[in-house]
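Shown next, in structure tokens, is the structure this report addresses.
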Amino acid sequence: MFEQMNQEEWQTLAPRLTIGAPCEVTELPLSDEMLGEISGHFWQKGYFNIPSLLNETETAPVRDAMYALDAADIPPVYIFLYDQPWWLFLRLNRLVQHFLGEKFAVLPNLWAWHLKAEGARGWPPHRDCDADTVFGEGADAVLMSLSLWVPLTDTDEANGCMYVLPKSGDGEVEGVLLPDKLDLLSARALPARAGSVLGWPQDLYHWGGRYSATAQNPRLSLSLEFQNCSFHPLAEPLINAAQLPSFEERLALIGSQFRKYRHIDPVLSEGK
């Protein structure tokens, strides 16, 4: 079974990627003007969708490795055994710091999706944190945690793009905040090109769409969550973005995700 594979075997499966290599990632030099525009939309609507922020050169090896995992019948979340998926998010340090401050950590919550068959779907409407994650108002607002979602292929309504229940212009959430009474008609589809970066506070309702017969390509995507370290940890152990887990620690971390998300992931909940 693949769970018994050693590091060398995983390396052979995805030779373009590394495991435990020295990190030489340079964060994206996002300008203050760009961050201001992103922030303005985030605080007004409750999310951002930044087009093609990560380039093909850095996303393609990760995408190809996910295809290799699929060919070996290995769940896509095992892509986080490799360095490069983590490094994609490390490139976004300046973006994360803008919202969470310099002292932030990675939450031990991660997942990866590979939708390719008609009827396959992302996760149903949910929030990443059921508690409030925004404190204060206006210029004094403080964000406790942030979720990022990165598509590695182009996503649209045909292949299961992300949907969010946005905030109205006055900052209030549209719809009733009960899972069985959400105003789904107010939902907004967020088509995104490969390498785009989507983000939202963890108390925002969102969900993945369904893969249809008209889809032009698979939907491959990654998610990672971050927390402002000024707050008590939402989950432990928090991960230092500058010192990634070892191979063994990554294996254990990924294993824990199956137990954590069995209630919400369509494939896991069906016992497949």
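In the structure tokens, chains take the letters A, B, ... in the order shown, each chain's residues start at 1, and ligands count up from 1 in the order shown.
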
Would you give me, as a tab-separated table, each residue of region 190-215 of chain A having an atom within 12 Å of an atom of region 83-88 of chain A, along with its shortest atom pair and that distance in Å to one decimal, using only C-alpha atoms and sorting by chain and residue number?
residue	atom	partner	partner_atom	distance
A:Gly195	CA	A:Leu88	CA	9.3
A:Ser196	CA	A:Leu88	CA	11.1
A:Val197	CA	A:Leu88	CA	10.2

request  = Considering only C-alpha atoms, return as a list in words whatever protein or nucleic-acid residues lie within 7 Å of Leu143 (chain A), sequence-local ones (same chain, fewer than 2 positions apart) excluded.
outcome  =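 These residues fall inside the cut-off: Phe99, Leu100, Thr133, Val134, Phe135, Ala141 and Ser145 of chain A.
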
Next on the checklist: Residues within 12 Å of region 38-41 of chain A, please, as JSON, numbers by chain. Count only C-alpha atoms; anything in the same chain fewer than 3 positions from it doesn't count.
Outcome noted: {"A": [30, 31, 32, 33, 34, 35, 44, 45, 46, 47, 48, 49, 50, 51, 95, 96, 97, 98, 99, 100, 138, 139, 141, 143, 166, 167, 168, 169, 170, 171, 197, 198, 199, 200, 201]}

Near-Tyr261 (chain A) list (12 Å; only C-alpha atoms; drop same-chain fewer than 2 positions) as a list of chain:residue names
A:Val77, A:Asn109, A:Leu110, A:Trp111, A:Ala112, A:Trp123, A:Pro124, A:His126, A:Asp128, A:Ile254, A:Gly255, A:Ser256, A:Gln257, A:Phe258, A:Arg259, A:His263, A:Ile264, A:Asp265, A:Pro266, A:Val267, A:Leu268, A:Ser269

Point-to-point distance from CA of Gln216 (chain A) to CA of Asp154 (chain A), Å rounded to tenths: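 We find that CA of Gln216 (chain A) and CA of Asp154 (chain A) lie 9.2 Å from each other.
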
Nearby residues (only C-alpha atoms) at most 12 Å from Asp156 (chain A), same-chain spacing under 4 positions excluded, as a PDB file with C-alpha atoms, in the first residue's frame:
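Listing of result_4.pdb after writing:
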ATOM      1  CA  PRO A 151      -6.310  26.279  -8.500  1.00  0.00           C
ATOM      2  CA  GLY A 160     -16.516  22.814 -10.135  1.00  0.00           C
ATOM      3  CA  CYS A 161     -15.161  26.272  -9.364  1.00  0.00           C
ATOM      4  CA  MET A 162     -15.412  27.781  -5.899  1.00  0.00           C
ATOM      5  CA  TYR A 163     -18.577  29.531  -4.720  1.00  0.00           C
ATOM      6  CA  ARG A 188     -21.174  34.071  -6.321  1.00  0.00           C
ATOM      7  CA  ALA A 189     -19.226  31.720  -8.574  1.00  0.00           C
ATOM      8  CA  LEU A 190     -15.495  32.450  -8.637  1.00  0.00           C
ATOM      9  CA  PRO A 191     -14.021  31.181 -11.927  1.00  0.00           C
ATOM     10  CA  ALA A 192     -10.236  31.379 -11.753  1.00  0.00           C
ATOM     11  CA  ARG A 193      -7.284  30.737 -14.013  1.00  0.00           C
ATOM     12  CA  ALA A 194      -4.548  28.349 -12.926  1.00  0.00           C
ATOM     13  CA  GLY A 208     -16.998  23.716  -4.361  1.00  0.00           C
ATOM     14  CA  GLY A 209     -19.107  23.177  -7.460  1.00  0.00           C
ATOM     15  CA  ARG A 210     -19.921  20.002  -9.364  1.00  0.00           C
ATOM     16  CA  TYR A 211     -17.948  18.598 -12.284  1.00  0.00           C
ATOM     17  CA  SER A 212     -20.205  18.444 -15.340  1.00  0.00           C
ATOM     18  CA  THR A 214     -19.309  20.043 -20.369  1.00  0.00           C
ATOM     19  CA  ALA A 215     -16.075  20.493 -18.394  1.00  0.00           C
ATOM     20  CA  GLN A 216     -13.027  21.111 -20.570  1.00  0.00           C
ATOM     21  CA  ASN A 217     -10.391  20.017 -18.062  1.00  0.00           C
ATOM     22  CA  PRO A 218      -9.997  18.514 -14.563  1.00  0.00           C
ATOM     23  CA  ARG A 219     -10.129  20.758 -11.522  1.00  0.00           C
ATOM     24  CA  LEU A 220      -6.953  20.459  -9.461  1.00  0.00           C
TER      25      LEU A 220
END

Do you know which residues are at most 10 Å from Glu3 (chain A) counting only C-alpha atoms, after dropping those on the same chain fewer than 5 positions away, and could you put them as a PDB file with N, CA, C and O atoms, in the first residue's frame?
ATOM      1  N   ILE A  74      -3.508   7.279  -5.656  1.00  0.00           N
ATOM      2  CA  ILE A  74      -3.146   7.862  -4.367  1.00  0.00           C
ATOM      3  C   ILE A  74      -3.942   9.156  -4.182  1.00  0.00           C
ATOM      4  O   ILE A  74      -3.988   9.985  -5.096  1.00  0.00           O
ATOM      5  N   TYR A  78      -1.896  13.850  -0.724  1.00  0.00           N
ATOM      6  CA  TYR A  78      -0.514  13.436  -0.500  1.00  0.00           C
ATOM      7  C   TYR A  78       0.483  14.299  -1.265  1.00  0.00           C
ATOM      8  O   TYR A  78       1.695  14.157  -1.067  1.00  0.00           O
ATOM      9  N   LEU A 251       3.670  12.964   6.767  1.00  0.00           N
ATOM     10  CA  LEU A 251       2.853  11.756   6.656  1.00  0.00           C
ATOM     11  C   LEU A 251       1.783  11.719   7.746  1.00  0.00           C
ATOM     12  O   LEU A 251       0.612  11.424   7.477  1.00  0.00           O
ATOM     13  N   GLY A 255      -2.291  12.071   7.283  1.00  0.00           N
ATOM     14  CA  GLY A 255      -3.161  11.035   7.811  1.00  0.00           C
ATOM     15  C   GLY A 255      -4.259  11.597   8.693  1.00  0.00           C
ATOM     16  O   GLY A 255      -5.401  11.120   8.660  1.00  0.00           O
TER      17      GLY A 255
END

field: Expected answer as a PyMOL selection string: strand (DSSP E or B) residues in region 168-266 of chain A
entry: chain A and resi 173+188-190+192+197-201+206-208+210-211+219-228+239
